[in-house]
file model-v1.pdb (PDB, C-alpha atoms and all ligand atoms)
ATOM      1  CA  MET R  29      85.471  92.033 122.957  1.00  0.00           C
ATOM      2  CA  SER R  30      84.318  92.207 119.334  1.00  0.00           C
ATOM      3  CA  VAL R  31      83.597  95.697 118.035  1.00  0.00           C
ATOM      4  CA  SER R  32      82.389  96.996 114.665  1.00  0.00           C
ATOM      5  CA  LEU R  33      84.087 100.043 113.218  1.00  0.00           C
ATOM      6  CA  LYS R  34      83.247 101.700 109.919  1.00  0.00           C
ATOM      7  CA  VAL R  35      86.508 102.876 108.349  1.00  0.00           C
ATOM      8  CA  ASN R  36      86.775 104.336 104.858  1.00  0.00           C
ATOM      9  CA  GLY R  37      83.318 103.016 104.018  1.00  0.00           C
ATOM     10  CA  THR R  38      83.917  99.436 105.126  1.00  0.00           C
ATOM     11  CA  VAL R  39      82.643  97.878 108.367  1.00  0.00           C
ATOM     12  CA  HIS R  40      85.394  95.951 110.157  1.00  0.00           C
ATOM     13  CA  ARG R  41      84.953  93.642 113.133  1.00  0.00           C
ATOM     14  CA  VAL R  42      87.907  93.822 115.473  1.00  0.00           C
ATOM     15  CA  THR R  43      88.623  92.116 118.763  1.00  0.00           C
ATOM     16  CA  ALA R  44      89.914  94.636 121.271  1.00  0.00           C
ATOM     17  CA  ASP R  45      89.090  96.295 124.593  1.00  0.00           C
ATOM     18  CA  LEU R  46      86.644  99.169 124.271  1.00  0.00           C
ATOM     19  CA  ASP R  47      89.209 101.597 125.676  1.00  0.00           C
ATOM     20  CA  THR R  48      91.795 100.738 123.021  1.00  0.00           C
ATOM     21  CA  PRO R  49      92.839 103.908 121.172  1.00  0.00           C
ATOM     22  CA  LEU R  50      91.571 104.007 117.602  1.00  0.00           C
ATOM     23  CA  LEU R  51      95.120 104.609 116.323  1.00  0.00           C
ATOM     24  CA  TYR R  52      96.257 101.206 117.595  1.00  0.00           C
ATOM     25  CA  VAL R  53      93.379  99.434 115.856  1.00  0.00           C
ATOM     26  CA  LEU R  54      93.911 101.322 112.600  1.00  0.00           C
ATOM     27  CA  ARG R  55      97.609 100.489 112.460  1.00  0.00           C
ATOM     28  CA  ASN R  56      97.828  97.101 114.158  1.00  0.00           C
ATOM     29  CA  ASP R  57      94.533  95.428 113.242  1.00  0.00           C
ATOM     30  CA  LEU R  58      93.494  97.060 109.976  1.00  0.00           C
ATOM     31  CA  GLY R  59      96.928  97.722 108.458  1.00  0.00           C
ATOM     32  CA  LEU R  60      96.132 101.390 107.856  1.00  0.00           C
ATOM     33  CA  ASN R  61      99.486 102.981 108.587  1.00  0.00           C
ATOM     34  CA  GLY R  62      98.823 106.498 107.322  1.00  0.00           C
ATOM     35  CA  ALA R  63      98.005 107.898 110.762  1.00  0.00           C
ATOM     36  CA  LYS R  64     101.177 108.011 112.867  1.00  0.00           C
ATOM     37  CA  PHE R  65     101.981 107.661 116.561  1.00  0.00           C
ATOM     38  CA  GLY R  66     103.751 110.869 117.521  1.00  0.00           C
ATOM     39  CA  CYS R  67     103.119 111.874 121.123  1.00  0.00           C
ATOM     40  CA  GLY R  68     100.295 109.535 122.084  1.00  0.00           C
ATOM     41  CA  LEU R  69      98.889 112.364 124.172  1.00  0.00           C
ATOM     42  CA  GLY R  70      96.670 114.253 121.728  1.00  0.00           C
ATOM     43  CA  GLN R  71      99.199 117.048 121.363  1.00  0.00           C
ATOM     44  CA  CYS R  72     100.982 116.709 117.995  1.00  0.00           C
ATOM     45  CA  GLY R  73      98.327 115.833 115.416  1.00  0.00           C
ATOM     46  CA  ALA R  74     100.278 113.070 113.654  1.00  0.00           C
ATOM     47  CA  CYS R  75      97.415 110.638 114.293  1.00  0.00           C
ATOM     48  CA  THR R  76      94.600 112.897 113.015  1.00  0.00           C
ATOM     49  CA  VAL R  77      91.682 111.191 111.273  1.00  0.00           C
ATOM     50  CA  LEU R  78      88.135 112.289 110.486  1.00  0.00           C
ATOM     51  CA  VAL R  79      85.333 111.022 112.698  1.00  0.00           C
ATOM     52  CA  ASP R  80      81.911 112.005 111.391  1.00  0.00           C
ATOM     53  CA  GLY R  81      83.646 114.792 109.491  1.00  0.00           C
ATOM     54  CA  ALA R  82      85.543 116.217 112.450  1.00  0.00           C
ATOM     55  CA  ALA R  83      89.323 116.033 112.731  1.00  0.00           C
ATOM     56  CA  LEU R  84      90.141 114.058 115.880  1.00  0.00           C
ATOM     57  CA  ARG R  85      93.261 112.623 117.505  1.00  0.00           C
ATOM     58  CA  SER R  86      92.995 108.878 117.076  1.00  0.00           C
ATOM     59  CA  CYS R  87      95.654 108.235 119.752  1.00  0.00           C
ATOM     60  CA  VAL R  88      93.255 109.353 122.474  1.00  0.00           C
ATOM     61  CA  MET R  89      89.921 108.182 120.999  1.00  0.00           C
ATOM     62  CA  PRO R  90      88.723 104.903 122.542  1.00  0.00           C
ATOM     63  CA  ILE R  91      87.108 102.638 119.990  1.00  0.00           C
ATOM     64  CA  GLY R  92      84.158 102.057 122.306  1.00  0.00           C
ATOM     65  CA  ALA R  93      83.032 105.622 121.585  1.00  0.00           C
ATOM     66  CA  LEU R  94      83.152 105.126 117.816  1.00  0.00           C
ATOM     67  CA  THR R  95      80.951 102.139 117.047  1.00  0.00           C
ATOM     68  CA  GLN R  96      78.304 104.350 115.392  1.00  0.00           C
ATOM     69  CA  SER R  97      80.776 106.648 113.660  1.00  0.00           C
ATOM     70  CA  GLU R  98      82.099 107.082 110.145  1.00  0.00           C
ATOM     71  CA  ILE R  99      85.898 107.106 110.297  1.00  0.00           C
ATOM     72  CA  ILE R 100      88.007 108.349 107.387  1.00  0.00           C
ATOM     73  CA  THR R 101      91.778 107.935 107.275  1.00  0.00           C
ATOM     74  CA  LEU R 102      94.329 109.146 104.741  1.00  0.00           C
ATOM     75  CA  GLU R 103      93.864 105.867 102.870  1.00  0.00           C
ATOM     76  CA  GLY R 104      90.203 106.769 102.360  1.00  0.00           C
ATOM     77  CA  LEU R 105      90.892 110.060 100.599  1.00  0.00           C
ATOM     78  CA  GLY R 106      92.364 108.967  97.300  1.00  0.00           C
ATOM     79  CA  THR R 107      94.370 106.336  95.469  1.00  0.00           C
ATOM     80  CA  LEU R 108      97.679 106.329  93.635  1.00  0.00           C
ATOM     81  CA  GLU R 109      95.752 106.523  90.367  1.00  0.00           C
ATOM     82  CA  HIS R 110      93.246 109.092  91.594  1.00  0.00           C
ATOM     83  CA  PRO R 111      94.752 111.119  94.436  1.00  0.00           C
ATOM     84  CA  HIS R 112      92.632 113.622  96.324  1.00  0.00           C
ATOM     85  CA  PRO R 113      93.390 117.257  95.309  1.00  0.00           C
ATOM     86  CA  LEU R 114      95.031 117.730  98.709  1.00  0.00           C
ATOM     87  CA  GLN R 115      97.338 114.789  98.088  1.00  0.00           C
ATOM     88  CA  SER R 116      98.182 116.122  94.598  1.00  0.00           C
ATOM     89  CA  ALA R 117      98.865 119.592  95.987  1.00  0.00           C
ATOM     90  CA  PHE R 118     101.144 118.260  98.745  1.00  0.00           C
ATOM     91  CA  ILE R 119     103.136 116.381  96.111  1.00  0.00           C
ATOM     92  CA  GLY R 120     103.162 119.329  93.724  1.00  0.00           C
ATOM     93  CA  GLU R 121     104.359 121.735  96.398  1.00  0.00           C
ATOM     94  CA  GLN R 122     106.842 119.209  97.820  1.00  0.00           C
ATOM     95  CA  ALA R 123     105.145 119.867 101.150  1.00  0.00           C
ATOM     96  CA  ALA R 124     107.002 117.273 103.188  1.00  0.00           C
ATOM     97  CA  GLN R 125     110.449 116.593 104.525  1.00  0.00           C
ATOM     98  CA  CYS R 126     110.522 113.560 106.804  1.00  0.00           C
ATOM     99  CA  GLY R 127     106.808 113.018 106.121  1.00  0.00           C
ATOM    100  CA  TYR R 128     105.851 111.870 109.607  1.00  0.00           C
ATOM    101  CA  CYS R 129     103.275 114.599 110.189  1.00  0.00           C
ATOM    102  CA  ILE R 130     101.823 114.646 106.674  1.00  0.00           C
ATOM    103  CA  ALA R 131      98.907 112.222 107.025  1.00  0.00           C
ATOM    104  CA  GLY R 132      97.677 114.190 110.019  1.00  0.00           C
ATOM    105  CA  MET R 133      98.241 117.471 108.200  1.00  0.00           C
ATOM    106  CA  ILE R 134      96.235 116.325 105.182  1.00  0.00           C
ATOM    107  CA  MET R 135      93.354 115.066 107.310  1.00  0.00           C
ATOM    108  CA  MET R 136      93.272 118.321 109.239  1.00  0.00           C
ATOM    109  CA  ALA R 137      93.411 120.198 105.925  1.00  0.00           C
ATOM    110  CA  LYS R 138      90.424 118.184 104.689  1.00  0.00           C
ATOM    111  CA  ALA R 139      88.470 119.225 107.767  1.00  0.00           C
ATOM    112  CA  ILE R 140      89.492 122.867 107.260  1.00  0.00           C
ATOM    113  CA  LEU R 141      88.368 122.888 103.613  1.00  0.00           C
ATOM    114  CA  ASP R 142      85.145 121.032 104.361  1.00  0.00           C
ATOM    115  CA  ARG R 143      84.309 123.619 107.017  1.00  0.00           C
ATOM    116  CA  ASN R 144      85.537 126.653 105.097  1.00  0.00           C
ATOM    117  CA  PRO R 145      85.404 126.428 101.286  1.00  0.00           C
ATOM    118  CA  HIS R 146      87.251 129.749 100.828  1.00  0.00           C
ATOM    119  CA  PRO R 147      90.031 129.795 103.402  1.00  0.00           C
ATOM    120  CA  SER R 148      92.462 132.665 103.706  1.00  0.00           C
ATOM    121  CA  GLU R 149      96.084 131.940 104.523  1.00  0.00           C
ATOM    122  CA  THR R 150      95.328 132.973 108.098  1.00  0.00           C
ATOM    123  CA  ASP R 151      92.372 130.566 108.250  1.00  0.00           C
ATOM    124  CA  VAL R 152      94.656 127.732 107.158  1.00  0.00           C
ATOM    125  CA  ARG R 153      97.402 128.673 109.617  1.00  0.00           C
ATOM    126  CA  LEU R 154      94.923 128.880 112.493  1.00  0.00           C
ATOM    127  CA  GLY R 155      93.354 125.573 111.478  1.00  0.00           C
ATOM    128  CA  LEU R 156      96.739 123.866 111.569  1.00  0.00           C
ATOM    129  CA  VAL R 157      97.816 125.323 114.885  1.00  0.00           C
ATOM    130  CA  GLY R 158      97.584 121.967 116.673  1.00  0.00           C
ATOM    131  CA  ASN R 159      99.459 119.975 114.006  1.00  0.00           C
ATOM    132  CA  LEU R 160     103.201 120.025 114.527  1.00  0.00           C
ATOM    133  CA  CYS R 161     105.944 119.628 111.909  1.00  0.00           C
ATOM    134  CA  ARG R 162     109.371 119.498 113.430  1.00  0.00           C
ATOM    135  CA  CYS R 163     111.117 119.754 110.040  1.00  0.00           C
ATOM    136  CA  GLY R 164     109.705 123.249 109.562  1.00  0.00           C
ATOM    137  CA  VAL R 165     107.766 122.638 106.343  1.00  0.00           C
ATOM    138  CA  HIS R 166     104.749 124.607 107.544  1.00  0.00           C
ATOM    139  CA  ASN R 167     104.976 127.273 104.837  1.00  0.00           C
ATOM    140  CA  ARG R 168     104.891 124.715 102.037  1.00  0.00           C
ATOM    141  CA  ILE R 169     102.062 122.846 103.764  1.00  0.00           C
ATOM    142  CA  VAL R 170     100.001 126.033 103.968  1.00  0.00           C
ATOM    143  CA  GLY R 171     100.772 126.730 100.299  1.00  0.00           C
ATOM    144  CA  ALA R 172      99.678 123.239  99.308  1.00  0.00           C
ATOM    145  CA  ILE R 173      96.372 123.578 101.124  1.00  0.00           C
ATOM    146  CA  LEU R 174      95.647 126.906  99.430  1.00  0.00           C
ATOM    147  CA  LYS R 175      96.530 125.340  96.054  1.00  0.00           C
ATOM    148  CA  ALA R 176      94.213 122.430  96.765  1.00  0.00           C
ATOM    149  CA  ALA R 177      91.417 124.829  97.651  1.00  0.00           C
ATOM    150  CA  GLN R 178      91.954 126.566  94.299  1.00  0.00           C
ATOM    151  CA  ALA R 179      91.979 123.249  92.459  1.00  0.00           C
ATOM    152  CA  MET R 180      88.729 122.287  94.121  1.00  0.00           C
ATOM    153  CA  GLY R 181      87.184 125.602  93.073  1.00  0.00           C
ATOM    154  CA  ARG R 182      86.946 126.683  96.640  1.00  0.00           C
ATOM    155  CA  SER R 183      88.883 129.917  96.634  1.00  0.00           C
TER     156      SER R 183
HETATM  157 FE1  LIG R 201      98.068 111.604 118.599  1.00  0.00          FE
HETATM  158 FE2  LIG R 201     100.298 113.064 118.850  1.00  0.00          FE
HETATM  159  S1  LIG R 201     100.084 110.947 118.339  1.00  0.00           S
HETATM  160  S2  LIG R 201      98.242 113.757 118.861  1.00  0.00           S
END

call {"tool": "encode", "arguments": {"input": "model-v1.pdb", "output": "structure tokens"}}
result
Amino acid sequence: MSVSLKVNGTVHRVTADLDTPLLYVLRNDLGLNGAKFGCGLGQCGACTVLVDGAALRSCVMPIGALTQSEIITLEGLGTLEHPHPLQSAFIGEQAAQCGYCIAGMIMMAKAILDRNPHPSETDVRLGLVGNLCRCGVHNRIVGAILKAAQAMGRS
């Protein structure tokens, strides 16, 4: 079946079953490999993207539910030349080890900052509770998000 999906401001027509998880379409059909397949069960956050501004697990979101939605992935946040303040802060704070969770972390962070312009450290930690990092870089990730909030004039 042919389905239209609006991703990072561009409407794409893809041929896939309506129950295909968004993550598969992003990675396999659109070549957007930022979001990662971690658990495939909605439990780790590696696949997090924004759907109409809300952070959702793309591994468990069927594309049939998203034909009217605005989807933003990591690739839609910034560019190499003009990175988003969150991307700059993650680099500046060296907030990654293996990097597998980072796209999901940044997208969740974007949702946190959009919802709460002046987050406390506790707000950030609570917001990230469903995003797992098995390398143990959480403290640097939290620091990067607080730095990004400062850079954006939000704290
Ligand atoms: Fe989607 Fe783990 S891969 S939540």

call {"tool": "closest_residue", "arguments": {"input": "model-v1.pdb", "among": "R:Ile173, R:Ala93, R:Ala82, R:Cys129", "to": "Gly66 (chain R)", "atoms": "only C-alpha atoms"}}
result
R:Cys129

call {"tool": "residues_near_ligand", "arguments": {"input": "model-v1.pdb", "ligand": "ligand LIG 201 (chain R)", "cutoff": "9 Å", "atoms": "only C-alpha atoms and all ligand atoms", "output": "list in words"}}
result
Leu51, Ala63, Lys64, Phe65, Gly66, Cys67, Gly68, Leu69, Gly70, Gln71, Cys72, Gly73, Ala74, Cys75, Thr76, Leu84, Arg85, Ser86, Cys87, Val88, Gly132, Gly158, Asn159 and Leu160 of chain R

call {"tool": "resolve_selection", "arguments": {"input": "model-v1.pdb", "expression": "the PyMOL selection byres (((chain R and resi 38) around 12) and not hetatm)", "output": "list in words"}}
result
Ser32, Leu33, Lys34, Val35, Asn36, Gly37, Val39, His40, Arg41, Leu58, Ser97, Glu98, Ile99, Ile100, Thr101 and Gly104 of chain R

call {"tool": "resolve_selection", "arguments": {"input": "model-v1.pdb", "expression": "the PyMOL selection byres (((chain R and resi 48) around 6) and not hetatm)", "output": "JSON, numbers by chain"}}
result
{"R": [45, 46, 47, 49, 90, 91]}

call {"tool": "residues_around", "arguments": {"input": "model-v1.pdb", "residues": "Thr150 (chain R)", "least_positions_apart": "3", "cutoff": "12 Å", "atoms": "all atoms listed in the file", "output": "PDB file with C-alpha atoms, in the frame of the given file"}}
result
ATOM      1  CA  ILE R 140      89.492 122.867 107.260  1.00  0.00           C
ATOM      2  CA  HIS R 146      87.251 129.749 100.828  1.00  0.00           C
ATOM      3  CA  PRO R 147      90.031 129.795 103.402  1.00  0.00           C
ATOM      4  CA  ARG R 153      97.402 128.673 109.617  1.00  0.00           C
ATOM      5  CA  LEU R 154      94.923 128.880 112.493  1.00  0.00           C
ATOM      6  CA  GLY R 155      93.354 125.573 111.478  1.00  0.00           C
ATOM      7  CA  LEU R 156      96.739 123.866 111.569  1.00  0.00           C
ATOM      8  CA  VAL R 157      97.816 125.323 114.885  1.00  0.00           C
ATOM      9  CA  ASN R 167     104.976 127.273 104.837  1.00  0.00           C
ATOM     10  CA  VAL R 170     100.001 126.033 103.968  1.00  0.00           C
ATOM     11  CA  GLY R 171     100.772 126.730 100.299  1.00  0.00           C
ATOM     12  CA  ILE R 173      96.372 123.578 101.124  1.00  0.00           C
ATOM     13  CA  LEU R 174      95.647 126.906  99.430  1.00  0.00           C
TER      14      LEU R 174
END

call {"tool": "closest_residue", "arguments": {"input": "model-v1.pdb", "among": "R:Ser30, R:Asn61, R:Gln178, R:Thr43", "to": "Ala117 (chain R)", "atoms": "only C-alpha atoms"}}
result
R:Gln178

call {"tool": "decode", "arguments": {"input": "model-v1.pdb", "residues": "region 87-98 of chain R", "atoms": "N, CA, C and O atoms", "output": "CSV table (one decimal), in the first residue's frame"}}
result
chain,number,residue,atom,x,y,z
R,87,CYS,N,9.7,2.4,17.0
R,87,CYS,CA,9.7,0.9,16.8
R,87,CYS,C,8.3,0.3,17.0
R,87,CYS,O,8.1,-0.8,16.6
R,88,VAL,N,7.4,1.0,17.7
R,88,VAL,CA,6.1,0.5,18.0
R,88,VAL,C,5.0,1.4,17.5
R,88,VAL,O,3.8,1.2,17.8
R,89,MET,N,5.3,2.3,16.6
R,89,MET,CA,4.3,3.2,16.0
R,89,MET,C,4.0,2.8,14.6
R,89,MET,O,4.9,2.9,13.7
R,90,PRO,N,2.8,2.2,14.3
R,90,PRO,CA,2.5,1.8,12.9
R,90,PRO,C,2.3,3.1,12.0
R,90,PRO,O,1.7,4.1,12.4
R,91,ILE,N,2.9,3.0,10.8
R,91,ILE,CA,2.8,4.2,9.9
R,91,ILE,C,1.4,4.5,9.6
R,91,ILE,O,1.1,5.7,9.3
R,92,GLY,N,0.5,3.6,9.6
R,92,GLY,CA,-0.9,3.9,9.3
R,92,GLY,C,-1.6,4.9,10.2
R,92,GLY,O,-2.5,5.6,9.9
R,93,ALA,N,-1.0,5.0,11.4
R,93,ALA,CA,-1.5,6.0,12.4
R,93,ALA,C,-0.9,7.4,12.2
R,93,ALA,O,-1.2,8.3,13.0
R,94,LEU,N,0.0,7.5,11.3
R,94,LEU,CA,0.8,8.8,11.2
R,94,LEU,C,0.7,9.5,9.9
R,94,LEU,O,1.5,10.5,9.7
R,95,THR,N,-0.3,9.2,9.1
R,95,THR,CA,-0.4,9.8,7.8
R,95,THR,C,-0.7,11.3,7.9
R,95,THR,O,-0.5,12.0,6.9
R,96,GLN,N,-1.3,11.8,9.0
R,96,GLN,CA,-1.6,13.2,9.1
R,96,GLN,C,-0.6,13.9,10.1
R,96,GLN,O,-0.8,15.0,10.5
R,97,SER,N,0.5,13.2,10.4
R,97,SER,CA,1.4,13.7,11.5
R,97,SER,C,2.6,14.4,10.9
R,97,SER,O,3.0,14.1,9.8
R,98,GLU,N,3.2,15.2,11.7
R,98,GLU,CA,4.5,15.8,11.4
R,98,GLU,C,5.6,15.1,12.2
R,98,GLU,O,5.5,15.1,13.5
